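Report on the following structure.
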Amino acid sequence: MRVGEKAANETKPSTDTGARNLADWLIVNGLTILSKVGCLPIEQSVPQPIEVDIALEMNLREVGKTDDIKKGVDYRKVCDTVRQILEQNSFKLLESAAYTIARHLLNQFPKVQKVIVEVRKPHPPIPIPLQSASVRMELSRDEI
């Protein structure tokens, strides 16, 4: 399941003030960055492709009505933020990478109320064929 897709048992997104459910999401899927993520020495010495999916919950009504990017969040800046985090840091765990990305996005983009980040490592170096391993983390503004 990709970030932004709902599982059959998943609840609606959280509320921004408790007054109404936000139903607006800016979604970025398949961002691929070379980064050092893993516990093995080879994973810390050679950058490998890390895939990131991001969903940002926010009110998109005004930006949709006005067609003005300044009233929303520019997904190019979101991608650049994630790229900088993954290129400038190394992580032992996918969980640490996901948490760091989520926290930075909430801090950098005040219009975002909640972020869902999935960090995926294609073909991790284990002795069993595996397409990918991933972590999906959800963090809201009141948790930072």
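Within each chain, counting starts at residue 1; across the structure tokens, chains are named A, B, ... in the order shown, with ligands numbered 1 upward in that order.
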### Query
Using only C-alpha atoms, which residues sit within 6 Å of region 109-119 of chain A once same-chain residues fewer than 6 positions away are excluded, as a PyMOL selection string?
chain A and resi 51-58+98+134-141
Take the residues that were just selected and, keeping N, CA and C atoms, output them as a PDB file, in the first residue's frame.
```pdb
ATOM      1  N   GLU A  51      13.786   4.897  -1.351  1.00  0.00           N
ATOM      2  CA  GLU A  51      12.556   5.449  -1.921  1.00  0.00           C
ATOM      3  C   GLU A  51      11.700   6.026  -0.806  1.00  0.00           C
ATOM      4  N   VAL A  52      11.085   7.167  -1.085  1.00  0.00           N
ATOM      5  CA  VAL A  52      10.280   7.844  -0.077  1.00  0.00           C
ATOM      6  C   VAL A  52       8.941   8.244  -0.689  1.00  0.00           C
ATOM      7  N   ASP A  53       7.875   7.924   0.035  1.00  0.00           N
ATOM      8  CA  ASP A  53       6.533   8.399  -0.289  1.00  0.00           C
ATOM      9  C   ASP A  53       6.105   9.313   0.851  1.00  0.00           C
ATOM     10  N   ILE A  54       5.458  10.420   0.499  1.00  0.00           N
ATOM     11  CA  ILE A  54       5.086  11.423   1.498  1.00  0.00           C
ATOM     12  C   ILE A  54       3.646  11.849   1.258  1.00  0.00           C
ATOM     13  N   ALA A  55       2.877  11.964   2.329  1.00  0.00           N
ATOM     14  CA  ALA A  55       1.535  12.545   2.265  1.00  0.00           C
ATOM     15  C   ALA A  55       1.463  13.647   3.317  1.00  0.00           C
ATOM     16  N   LEU A  56       1.087  14.827   2.884  1.00  0.00           N
ATOM     17  CA  LEU A  56       0.992  15.986   3.773  1.00  0.00           C
ATOM     18  C   LEU A  56      -0.471  16.393   3.892  1.00  0.00           C
ATOM     19  N   GLU A  57      -1.002  16.332   5.096  1.00  0.00           N
ATOM     20  CA  GLU A  57      -2.387  16.731   5.320  1.00  0.00           C
ATOM     21  C   GLU A  57      -2.432  18.221   5.618  1.00  0.00           C
ATOM     22  N   MET A  58      -3.232  18.927   4.839  1.00  0.00           N
ATOM     23  CA  MET A  58      -3.401  20.368   5.026  1.00  0.00           C
ATOM     24  C   MET A  58      -4.649  20.812   4.276  1.00  0.00           C
ATOM     25  N   ALA A  98      12.668   7.936   8.686  1.00  0.00           N
ATOM     26  CA  ALA A  98      11.266   8.358   8.536  1.00  0.00           C
ATOM     27  C   ALA A  98      10.896   9.422   9.568  1.00  0.00           C
ATOM     28  N   SER A 134      10.270  -1.633   4.321  1.00  0.00           N
ATOM     29  CA  SER A 134       9.869  -0.239   4.489  1.00  0.00           C
ATOM     30  C   SER A 134       9.300   0.008   5.873  1.00  0.00           C
ATOM     31  N   VAL A 135       9.257   1.289   6.205  1.00  0.00           N
ATOM     32  CA  VAL A 135       8.655   1.774   7.438  1.00  0.00           C
ATOM     33  C   VAL A 135       7.696   2.883   7.046  1.00  0.00           C
ATOM     34  N   ARG A 136       6.525   2.865   7.636  1.00  0.00           N
ATOM     35  CA  ARG A 136       5.535   3.925   7.417  1.00  0.00           C
ATOM     36  C   ARG A 136       5.281   4.582   8.761  1.00  0.00           C
ATOM     37  N   MET A 137       5.499   5.915   8.812  1.00  0.00           N
ATOM     38  CA  MET A 137       5.343   6.646  10.051  1.00  0.00           C
ATOM     39  C   MET A 137       4.390   7.823   9.842  1.00  0.00           C
ATOM     40  N   GLU A 138       3.541   8.035  10.818  1.00  0.00           N
ATOM     41  CA  GLU A 138       2.583   9.146  10.797  1.00  0.00           C
ATOM     42  C   GLU A 138       2.891  10.043  11.991  1.00  0.00           C
ATOM     43  N   LEU A 139       3.036  11.336  11.709  1.00  0.00           N
ATOM     44  CA  LEU A 139       3.365  12.283  12.774  1.00  0.00           C
ATOM     45  C   LEU A 139       2.516  13.533  12.585  1.00  0.00           C
ATOM     46  N   SER A 140       1.899  13.995  13.654  1.00  0.00           N
ATOM     47  CA  SER A 140       1.071  15.196  13.555  1.00  0.00           C
ATOM     48  C   SER A 140       1.759  16.364  14.251  1.00  0.00           C
ATOM     49  N   ARG A 141       1.260  17.536  13.952  1.00  0.00           N
ATOM     50  CA  ARG A 141       1.854  18.764  14.461  1.00  0.00           C
ATOM     51  C   ARG A 141       1.933  18.783  15.981  1.00  0.00           C
TER      52      ARG A 141
END
```
### Query
Would you give me, as a PyMOL selection string, the residues in region 59-137 of chain A that DSSP reads as strand (DSSP E or B)?
chain A and resi 90-91+114-122+132-137
### Neighbour list for Leu40 (chain A) as a PyMOL selection string, cut-off 10 Å, only C-alpha atoms, skip fewer than 5 positions in-chain
chain A and resi 45+92+125
Write the residues of the selection above to a file with N, CA and C atoms, as a compact mmCIF listing (two decimals), in the first residue's frame.
```txt
# COMPACT_ATOMS: atom_id res chain seq x y z
N SER A 45 28.82 2.64 4.24
CA SER A 45 29.94 3.15 3.44
C SER A 45 29.55 3.47 2.00
N LYS A 92 21.03 4.31 10.80
CA LYS A 92 21.10 2.86 10.94
C LYS A 92 19.73 2.24 10.63
N PRO A 125 20.18 -5.93 1.74
CA PRO A 125 21.19 -6.99 1.69
C PRO A 125 20.97 -8.07 2.76
```
### Query
Quick one: residues within 8 Å of region 73-81 of chain A, only C-alpha atoms counted, chain neighbours fewer than 6 positions away excluded, as a PyMOL selection string?
chain A and resi 26+28+31+104-105+109+111
Serialized selection, N, CA and C atoms, as a short mmCIF file (atom, residue, chain, number, x, y, z; two decimals), in the first residue's frame:
```
data_model
loop_
_atom_site.label_atom_id
_atom_site.label_comp_id
_atom_site.auth_asym_id
_atom_site.auth_seq_id
_atom_site.Cartn_x
_atom_site.Cartn_y
_atom_site.Cartn_z
N LEU A 26 -1.49 16.53 0.03
CA LEU A 26 -0.49 16.67 -1.02
C LEU A 26 0.36 15.42 -0.94
N VAL A 28 3.40 12.88 -2.55
CA VAL A 28 4.59 12.69 -3.38
C VAL A 28 4.97 11.22 -3.26
N LEU A 31 9.88 9.20 -4.62
CA LEU A 31 11.09 10.01 -4.58
C LEU A 31 12.25 9.08 -4.25
N HIS A 104 11.09 17.18 10.25
CA HIS A 104 11.56 18.32 9.47
C HIS A 104 10.44 18.91 8.60
N LEU A 105 9.65 18.06 7.99
CA LEU A 105 8.57 18.58 7.13
C LEU A 105 7.55 19.36 7.94
N PHE A 109 7.11 23.39 7.15
CA PHE A 109 5.89 23.78 6.44
C PHE A 109 4.74 23.92 7.45
N LYS A 111 1.80 25.02 7.33
CA LYS A 111 0.44 24.72 6.88
C LYS A 111 0.10 23.25 7.00
#
```
